[in-house]
Each structure stands twice: as structure tokens, then as C-alpha cells.
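Text of coords_30.txt (compact mmCIF, C-alpha atoms) as supplied:
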# COMPACT_ATOMS: atom_id res chain seq x y z
CA MET B 758 15.29 -13.05 3.25
CA SER B 759 12.39 -13.58 5.66
CA GLN B 760 8.93 -14.59 4.53
CA LYS B 761 6.54 -11.70 3.88
CA ARG B 762 3.66 -11.44 6.37
CA ILE B 763 0.06 -10.84 5.34
CA LEU B 764 -2.86 -10.06 7.61
CA VAL B 765 -6.25 -10.93 6.10
CA VAL B 766 -9.34 -9.50 7.81
CA ASP B 767 -12.81 -10.61 6.81
CA ASP B 768 -15.95 -11.55 8.72
CA GLU B 769 -16.49 -14.46 6.31
CA GLU B 770 -14.61 -17.46 7.74
CA ASP B 771 -14.66 -19.26 4.37
CA ILE B 772 -12.73 -16.42 2.75
CA LEU B 773 -10.15 -16.46 5.55
CA HIS B 774 -9.62 -20.22 5.20
CA LEU B 775 -9.20 -19.90 1.44
CA PHE B 776 -6.61 -17.15 1.81
CA VAL B 777 -4.59 -19.25 4.24
CA LYS B 778 -4.89 -22.33 2.02
CA ARG B 779 -3.95 -20.52 -1.19
CA PHE B 780 -1.18 -18.24 0.10
CA ASN B 781 0.41 -19.91 3.12
CA ASN B 782 3.03 -21.75 1.03
CA GLU B 783 4.49 -18.45 -0.19
CA TYR B 784 3.74 -16.10 2.69
CA ASP B 785 3.14 -16.08 6.42
CA VAL B 786 -0.63 -15.53 6.43
CA VAL B 787 -2.49 -14.52 9.58
CA SER B 788 -6.28 -14.24 9.52
CA GLU B 789 -8.68 -12.35 11.76
CA SER B 790 -12.47 -12.28 11.57
CA HIS B 791 -13.00 -9.16 13.72
CA SER B 792 -11.57 -5.70 13.06
CA PRO B 793 -10.87 -4.88 16.74
CA THR B 794 -8.88 -8.11 17.11
CA ALA B 795 -7.06 -7.30 13.88
CA LEU B 796 -6.00 -3.92 15.30
CA LYS B 797 -4.54 -5.67 18.34
CA THR B 798 -2.70 -8.12 16.08
CA LEU B 799 -1.35 -5.22 14.00
CA ALA B 800 -0.10 -3.48 17.14
CA GLU B 801 1.70 -6.62 18.34
CA HIS B 802 3.19 -7.94 15.07
CA ARG B 803 4.74 -6.54 11.91
CA PHE B 804 2.99 -7.12 8.57
CA ASP B 805 3.93 -6.30 4.98
CA LEU B 806 0.39 -6.37 3.57
CA LEU B 807 -3.14 -5.94 4.89
CA ILE B 808 -6.02 -7.45 2.92
CA CYS B 809 -9.35 -6.45 4.41
CA ASP B 810 -13.04 -6.50 3.74
CA ILE B 811 -14.63 -3.05 3.67
CA CYS B 812 -18.04 -4.04 5.07
CA MET B 813 -17.52 -5.49 8.52
CA PRO B 814 -19.41 -5.30 11.81
CA GLU B 815 -18.02 -3.43 14.83
CA LEU B 816 -15.32 -1.48 12.97
CA SER B 817 -15.61 -0.88 9.22
CA GLY B 818 -12.84 -1.81 6.86
CA ILE B 819 -12.32 1.88 6.05
CA ASP B 820 -11.79 2.63 9.75
CA LEU B 821 -9.48 -0.38 10.03
CA ILE B 822 -7.44 0.93 7.10
CA LYS B 823 -7.17 4.38 8.72
CA GLU B 824 -6.02 2.88 12.04
CA THR B 825 -3.59 0.56 10.26
CA LEU B 826 -2.00 3.49 8.43
CA ASN B 827 -1.46 5.19 11.80
CA ILE B 828 0.52 2.14 12.92
CA TYR B 829 2.22 1.30 9.58
CA PRO B 830 2.14 4.27 7.21
CA GLU B 831 4.21 2.30 4.68
CA ILE B 832 2.05 -0.85 4.59
CA ASN B 833 0.35 -1.86 1.35
CA ILE B 834 -3.37 -2.49 1.60
CA ILE B 835 -5.76 -4.39 -0.63
CA ALA B 836 -9.43 -3.67 0.09
CA MET B 837 -12.17 -6.07 -0.96
CA THR B 838 -15.94 -5.95 -0.82
CA ALA B 839 -19.06 -7.65 -2.06
CA TYR B 840 -20.89 -4.31 -1.81
CA GLY B 841 -18.80 -1.99 -3.94
CA THR B 842 -19.87 1.59 -4.48
CA ASP B 843 -18.16 4.56 -6.06
CA ASN B 844 -18.01 6.19 -2.63
CA ARG B 845 -16.15 3.22 -1.10
CA LEU B 846 -13.79 3.04 -4.07
CA MET B 847 -13.03 6.76 -3.78
CA LYS B 848 -12.37 6.39 -0.04
CA CYS B 849 -9.89 3.57 -0.73
CA ILE B 850 -8.17 5.69 -3.38
CA GLU B 851 -7.98 8.63 -0.94
CA LEU B 852 -6.38 6.29 1.61
CA ASP B 853 -3.86 5.19 -1.04
CA CYS B 854 -4.84 1.52 -1.02
CA TYR B 855 -2.73 -0.56 -3.39
CA GLY B 856 -5.77 -2.39 -4.72
CA TYR B 857 -9.55 -2.61 -4.53
CA VAL B 858 -11.24 -5.89 -5.44
CA ASP B 859 -14.93 -6.74 -5.80
CA LYS B 860 -16.11 -10.09 -4.42
CA PRO B 861 -16.33 -12.66 -5.72
CA PHE B 862 -12.88 -12.21 -7.18
CA ASN B 863 -10.63 -14.27 -9.38
CA TRP B 864 -7.95 -15.97 -7.26
CA ASP B 865 -5.33 -15.69 -10.02
CA TYR B 866 -5.93 -11.95 -10.14
CA MET B 867 -5.69 -11.75 -6.33
CA ARG B 868 -2.41 -13.70 -6.38
CA THR B 869 -0.98 -11.30 -8.97
CA LEU B 870 -2.12 -8.29 -6.95
CA VAL B 871 -0.58 -9.71 -3.75
CA ARG B 872 2.74 -10.47 -5.48
CA LYS B 873 2.97 -7.01 -7.03
CA SER B 874 2.08 -5.30 -3.77
CA LEU B 875 4.91 -7.08 -1.95
CA VAL B 876 7.69 -6.22 -4.43
Here is a file; write its structure as C-alpha cells.
Amino acid sequence: MSQKRILVVDDEEDILHLFVKRFNNEYDVVSESHSPTALKTLAEHRFDLLICDICMPELSGIDLIKETLNIYPEINIIAMTAYGTDNRLMKCIELDCYGYVDKPFNWDYMRTLVRKSLV
């Protein structure tokens, strides 16, 4: 069985590095710091999971999720944000995101969420 592929999109480079460091032994983790670049990566490569920040410059995480679902309607998505609101949470629920995590988050919880989303 091939290794599951995860695309992590966040404008915080530290978060991206931590995701790669913590998950790259189990999964093929690709990171992008800009939503437009992430869309190009999604169009060129297959992914099993998208983990993305909601509040990003250029193209919001919500818009990235919508565009991703146009490319991969079956992909699981975990949304994360340091600026959570009920409105953002409801939007993620409407888009059928697998999970929604407030930053800072517990890495053990994130690992569990990632594992369950890739079953």
C-alpha cells in the first residue's frame, strides 16, 4: 500500500516545519505557505488529506477548501485557525470538513485526527 499524502497549507512557516517534522515518518507531507501555490500543487498531484489554515492572505482558507473540493470532492479536510469564530466553524461544517482545530492545538490530538481522517 502506498504512503498517504498530506498537503498542509499555512502562512506560518513554523507550523509547516512542525507538520513535516512530526508527520513525515508516517505520511508523505507536502507544505505550502501560499494558497494560490497550494491550488497549483493540488491540480498537479494527488492528496489524501488537506490541512489548511482558515485565515490566510491572498486566498482565504475557506476559498481554498471550496476550490479543493472542486478538484477532489472525496478529499478529507482539516481546517485550523488561531482566530476561530462561530461563523468560520459553521462554514467548515457546511463544507463538510472532517475536522476543525483551534490554534494552538495539541499535537497528540492532531495526530489522532489525521489518522482517523485517513482510514
If you count all atoms listed in the file, which residues fall within 9 Å of range 776-787 of chain B, apart from same-chain ones fewer than 3 positions away, as a ChimeraX atom specification?
-> /B:760-766,771-773,864,868
Shell of 12 Å around Asp820 in chain B, all atoms listed in the file, local chain residues under 3 positions omitted, as a CSV table (one decimal) with C-alpha atoms, keeping the file's coordinate frame:
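Written output follows (around26.csv):
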chain,number,residue,atom,x,y,z
B,792,SER,CA,-11.6,-5.7,13.1
B,793,PRO,CA,-10.9,-4.9,16.7
B,795,ALA,CA,-7.1,-7.3,13.9
B,796,LEU,CA,-6.0,-3.9,15.3
B,809,CYS,CA,-9.4,-6.4,4.4
B,810,ASP,CA,-13.0,-6.5,3.7
B,811,ILE,CA,-14.6,-3.0,3.7
B,812,CYS,CA,-18.0,-4.0,5.1
B,813,MET,CA,-17.5,-5.5,8.5
B,814,PRO,CA,-19.4,-5.3,11.8
B,815,GLU,CA,-18.0,-3.4,14.8
B,816,LEU,CA,-15.3,-1.5,13.0
B,817,SER,CA,-15.6,-0.9,9.2
B,823,LYS,CA,-7.2,4.4,8.7
B,824,GLU,CA,-6.0,2.9,12.0
B,825,THR,CA,-3.6,0.6,10.3
B,826,LEU,CA,-2.0,3.5,8.4
B,827,ASN,CA,-1.5,5.2,11.8
B,836,ALA,CA,-9.4,-3.7,0.1
B,845,ARG,CA,-16.2,3.2,-1.1
B,848,LYS,CA,-12.4,6.4,0.0
B,849,CYS,CA,-9.9,3.6,-0.7
B,852,LEU,CA,-6.4,6.3,1.6
Rounded to one decimal place, report the CA of Asp865 in chain B-CA of Asp768 in chain B distance in Å.
-> 21.9 Å
Selected residue, from B:Leu799, B:Leu870, B:Cys854, B:Leu846, that lies nearest to Tyr829 in chain B when counting all atoms listed in the file =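 Closest residue, counting all atoms listed in the file: B:Leu799.
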Is it possible to get the residues within 10 Å of (8.4, -9.2, 13.2) (coordinates as in the file, counting only C-alpha atoms) written as an mmCIF file with C-alpha atoms, in the frame of the given file?
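This is the output file out.cif:
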data_model
loop_
_atom_site.group_PDB
_atom_site.id
_atom_site.type_symbol
_atom_site.label_atom_id
_atom_site.label_comp_id
_atom_site.auth_asym_id
_atom_site.auth_seq_id
_atom_site.Cartn_x
_atom_site.Cartn_y
_atom_site.Cartn_z
ATOM 1 C CA SER B 759 12.390 -13.580 5.660
ATOM 2 C CA LYS B 761 6.540 -11.700 3.880
ATOM 3 C CA ARG B 762 3.660 -11.440 6.370
ATOM 4 C CA GLU B 801 1.700 -6.620 18.340
ATOM 5 C CA HIS B 802 3.190 -7.940 15.070
ATOM 6 C CA ARG B 803 4.740 -6.540 11.910
ATOM 7 C CA PHE B 804 2.990 -7.120 8.570
ATOM 8 C CA ASP B 805 3.930 -6.300 4.980
#
Find the distance between CA of Lys860 in chain B and CA of Thr838 in chain B and write it in Å to one decimal.
->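 Taking CA of Lys860 in chain B and CA of Thr838 in chain B, their separation equals 5.5 Å.
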When you draw a straight line from CA of Met837 in chain B to CA of Ile819 in chain B, how long is it in Å?
-> 10.6 Å
May I ask you to restore N, CA and C atoms in range 766-779 of chain B and write the result as a PDB file, keeping the file's coordinate frame?
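Contents of part24.pdb, as written:
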ATOM      1  N   VAL B 766      -8.233  -9.779   6.889  1.00  0.00           N
ATOM      2  CA  VAL B 766      -9.340  -9.500   7.810  1.00  0.00           C
ATOM      3  C   VAL B 766     -10.642  -9.543   7.034  1.00  0.00           C
ATOM      4  N   ASP B 767     -11.508 -10.458   7.458  1.00  0.00           N
ATOM      5  CA  ASP B 767     -12.810 -10.610   6.810  1.00  0.00           C
ATOM      6  C   ASP B 767     -13.740 -11.306   7.790  1.00  0.00           C
ATOM      7  N   ASP B 768     -14.991 -10.902   7.816  1.00  0.00           N
ATOM      8  CA  ASP B 768     -15.950 -11.550   8.720  1.00  0.00           C
ATOM      9  C   ASP B 768     -16.491 -12.855   8.143  1.00  0.00           C
ATOM     10  N   GLU B 769     -16.099 -13.190   6.927  1.00  0.00           N
ATOM     11  CA  GLU B 769     -16.490 -14.460   6.310  1.00  0.00           C
ATOM     12  C   GLU B 769     -15.368 -15.484   6.531  1.00  0.00           C
ATOM     13  N   GLU B 770     -15.618 -16.449   7.400  1.00  0.00           N
ATOM     14  CA  GLU B 770     -14.610 -17.460   7.740  1.00  0.00           C
ATOM     15  C   GLU B 770     -14.136 -18.238   6.512  1.00  0.00           C
ATOM     16  N   ASP B 771     -15.047 -18.506   5.572  1.00  0.00           N
ATOM     17  CA  ASP B 771     -14.660 -19.260   4.370  1.00  0.00           C
ATOM     18  C   ASP B 771     -13.580 -18.521   3.576  1.00  0.00           C
ATOM     19  N   ILE B 772     -13.727 -17.216   3.471  1.00  0.00           N
ATOM     20  CA  ILE B 772     -12.730 -16.420   2.750  1.00  0.00           C
ATOM     21  C   ILE B 772     -11.379 -16.499   3.464  1.00  0.00           C
ATOM     22  N   LEU B 773     -11.395 -16.386   4.777  1.00  0.00           N
ATOM     23  CA  LEU B 773     -10.150 -16.460   5.550  1.00  0.00           C
ATOM     24  C   LEU B 773      -9.454 -17.804   5.335  1.00  0.00           C
ATOM     25  N   HIS B 774     -10.205 -18.882   5.397  1.00  0.00           N
ATOM     26  CA  HIS B 774      -9.620 -20.220   5.200  1.00  0.00           C
ATOM     27  C   HIS B 774      -9.027 -20.361   3.795  1.00  0.00           C
ATOM     28  N   LEU B 775      -9.715 -19.820   2.810  1.00  0.00           N
ATOM     29  CA  LEU B 775      -9.200 -19.900   1.440  1.00  0.00           C
ATOM     30  C   LEU B 775      -7.909 -19.094   1.270  1.00  0.00           C
ATOM     31  N   PHE B 776      -7.841 -17.921   1.880  1.00  0.00           N
ATOM     32  CA  PHE B 776      -6.610 -17.150   1.810  1.00  0.00           C
ATOM     33  C   PHE B 776      -5.436 -17.914   2.421  1.00  0.00           C
ATOM     34  N   VAL B 777      -5.658 -18.484   3.591  1.00  0.00           N
ATOM     35  CA  VAL B 777      -4.590 -19.250   4.240  1.00  0.00           C
ATOM     36  C   VAL B 777      -4.187 -20.424   3.360  1.00  0.00           C
ATOM     37  N   LYS B 778      -5.163 -21.152   2.848  1.00  0.00           N
ATOM     38  CA  LYS B 778      -4.890 -22.330   2.020  1.00  0.00           C
ATOM     39  C   LYS B 778      -4.126 -21.961   0.747  1.00  0.00           C
ATOM     40  N   ARG B 779      -4.536 -20.876   0.104  1.00  0.00           N
ATOM     41  CA  ARG B 779      -3.950 -20.520  -1.190  1.00  0.00           C
ATOM     42  C   ARG B 779      -2.624 -19.751  -1.104  1.00  0.00           C
TER      43      ARG B 779
END
